[in-house]
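Visitor: Quick one: this structure, given as structure tokens, is what I'll be asking you about.
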Amino acid sequence: MEISAAGRLEVRITAADVGKRVSVRSLIEHEAPGEKFTDTVGVLTSWDNGVLLITRKSGESVRIAESALVAGKTVPPAPARRRGPAASYEELARVAARAWRPVESERLGEWELRAASGFTRRANSVLPLGEPGVPLDEALAAVRRWYGERGLPAYVQTATGAEGTQELLCAELERRGWVREVTAELWVGPLAPVADLGDPDEVVLSREAGDGWLARYQRKGVSEVALRVLASGPSVWFATVPGAAEGAPPAAIGRCVVDGRWAGFAAVEVDPALRRRGLATAVMAALARRALDEGASAAWLQVEADNAGARALYAGMGFSAHHAYHHYRAPDADGTGNGR
């Protein structure tokens, strides 16, 4: 907090600091005994009618009455990373997008509209890496028309928590009634340590997602469009640990896309009856070794915020969160976020 020469806390932010990362201290309206203040760090996304809106790294929006402010200051755009490969949000967003390509896309300025017959939100949402080239309301109307023509709900994928992410866009979408449906995180880590884990000898690698691999994949009834998305990417590998019995679904599977220095892991799934036996680690180790052979040195993956088991596994492998990402769905004609 900012402290004046006289030893007093001071508010050194104004509405002119909207868009900057700030740290504020405010009074707690209904404080517990001994607790009078709370601290909030995030991007100042609006300051209107005596209320500040601050978006935290997780994407959570916090409203603070101007009258409750005790102290405040601007802080650096993003905290220094202490471990893992250095990377910007934009670099990782583009790498992740190339690893999960839609079957159809169209540009709207620096936005990419993506569609794949509804197979996953990532392949059926707008990736807004820059400005759309038209006013926001006009851009969002064009987005809704484009997805409506394809019989799909309109989604915009945004990110928070790193330098260059889109807290302001998140706030603008929420102001217009768009509903955040899913929040996940993109984690990064060094690749070589992953390759040294587990016993990859039992893992079979292939360039294609065969029938066995698909039998373990959590999304059932995979369509031709889904197969195209799964196979998309600069250099795609599928890993399988065969089942104990002939003809049985695999014990574990995984997918990796190698793209320059990056190896992206996804679809790491294990037979529920065989969990906690190191199979997920073996799958990732085998894929990491292949990625190292192709020149990669860094790794990334995406994990949902409530998947405690996966988060513990990946943290133990040396991964840590880089930023959060969110999918906002357009409100229906009645102004709600409800719909099909």
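Each chain of the structure tokens is named A, B, ... in the order shown, its residues numbered from 1; ligands are numbered from 1 in display order.
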Determine, counting only C-alpha atoms, which protein, DNA and RNA residues have an atom within 9 Å of an atom of Ala285 of chain A; residues of the same chain fewer than 2 positions away are not included. Present the result as a PyMOL selection string.
Guide: chain A and resi 193-200+280-283+287-290
Visitor: Once DSSP has gone over the backbone, tell me which residues of segment 32-229 of chain A are in strand (DSSP E or B), as JSON, numbers by chain.
Guide: {"A": [37, 38, 39, 40, 41, 42, 43, 44, 45, 46, 47, 48, 51, 52, 53, 54, 55, 61, 62, 63, 64, 65, 69, 70, 71, 72, 73, 74, 104, 105, 106, 107, 108, 111, 112, 113, 114, 115, 126, 127, 128, 155, 156, 157, 158, 159, 160, 179, 180, 181, 182, 183, 184, 185, 186, 187, 188, 189, 190, 204, 205, 206]}
Visitor: Atom CA of Thr45 of chain A and atom CA of Trp300 of chain A are how many Å apart?
Guide: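 Straight-line distance from atom CA of Thr45 of chain A to atom CA of Trp300 of chain A works out to 28.3 Å.
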Visitor: So which residues touch segment 95-110 of chain A within 7 Å, counting only C-alpha atoms, skipping near sequence neighbours fewer than 4 positions away, as a PyMOL selection string?
Guide: chain A and resi 91+114-116+123+128-133+229-230+232-233+257
Visitor: Pick the closest to Val203 of chain A from A:Gly189, A:Pro242, A:Arg219, A:Arg228: which is it, counting only C-alpha atoms?
Guide: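 Nearest candidate to Val203 of chain A out of A:Gly189, A:Pro242, A:Arg219, A:Arg228: A:Pro242.
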Visitor: Write out as a PyMOL selection string each polymer residue whose atoms come within 8 Å of His323 of chain A, counting only C-alpha atoms; drop sequence neighbours fewer than 2 positions from it.
Guide: chain A and resi 57-58+89+159-162+185-187+321+325
Visitor: Let's have the selection written as a short mmCIF file (atom, residue, chain, number, x, y, z; two decimals), in the first residue's frame, with N, CA and C atoms.
Guide:
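Output saved as again-v2.cif:
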data_model
loop_
_atom_site.label_atom_id
_atom_site.label_comp_id
_atom_site.auth_asym_id
_atom_site.auth_seq_id
_atom_site.Cartn_x
_atom_site.Cartn_y
_atom_site.Cartn_z
N LYS A 57 -6.88 -12.25 -11.11
CA LYS A 57 -6.21 -13.17 -12.02
C LYS A 57 -7.10 -14.33 -12.42
N SER A 58 -7.94 -14.80 -11.49
CA SER A 58 -8.82 -15.93 -11.76
C SER A 58 -9.97 -15.58 -12.68
N TYR A 89 1.32 -14.14 -23.02
CA TYR A 89 -0.02 -14.69 -23.22
C TYR A 89 -0.28 -14.92 -24.70
N ALA A 159 -9.03 -14.29 -21.68
CA ALA A 159 -8.04 -14.72 -20.70
C ALA A 159 -7.81 -13.62 -19.69
N THR A 160 -7.39 -14.02 -18.48
CA THR A 160 -7.05 -13.08 -17.41
C THR A 160 -5.81 -13.57 -16.68
N GLY A 161 -5.14 -12.63 -16.02
CA GLY A 161 -4.09 -13.03 -15.10
C GLY A 161 -2.67 -12.95 -15.59
N ALA A 162 -2.43 -12.46 -16.80
CA ALA A 162 -1.06 -12.30 -17.30
C ALA A 162 -0.98 -11.00 -18.09
N GLU A 185 -7.43 -23.09 -16.68
CA GLU A 185 -6.12 -22.44 -16.65
C GLU A 185 -5.18 -23.10 -17.64
N LEU A 186 -4.30 -22.31 -18.17
CA LEU A 186 -3.22 -22.85 -18.99
C LEU A 186 -1.96 -22.87 -18.12
N TRP A 187 -1.38 -24.06 -17.99
CA TRP A 187 -0.18 -24.26 -17.18
C TRP A 187 1.01 -24.51 -18.08
N ALA A 321 0.52 -22.51 -13.09
CA ALA A 321 -0.45 -21.74 -13.87
C ALA A 321 0.21 -20.51 -14.49
N TYR A 325 -8.30 -18.87 -18.49
CA TYR A 325 -9.08 -18.51 -19.68
C TYR A 325 -10.54 -18.89 -19.46
#
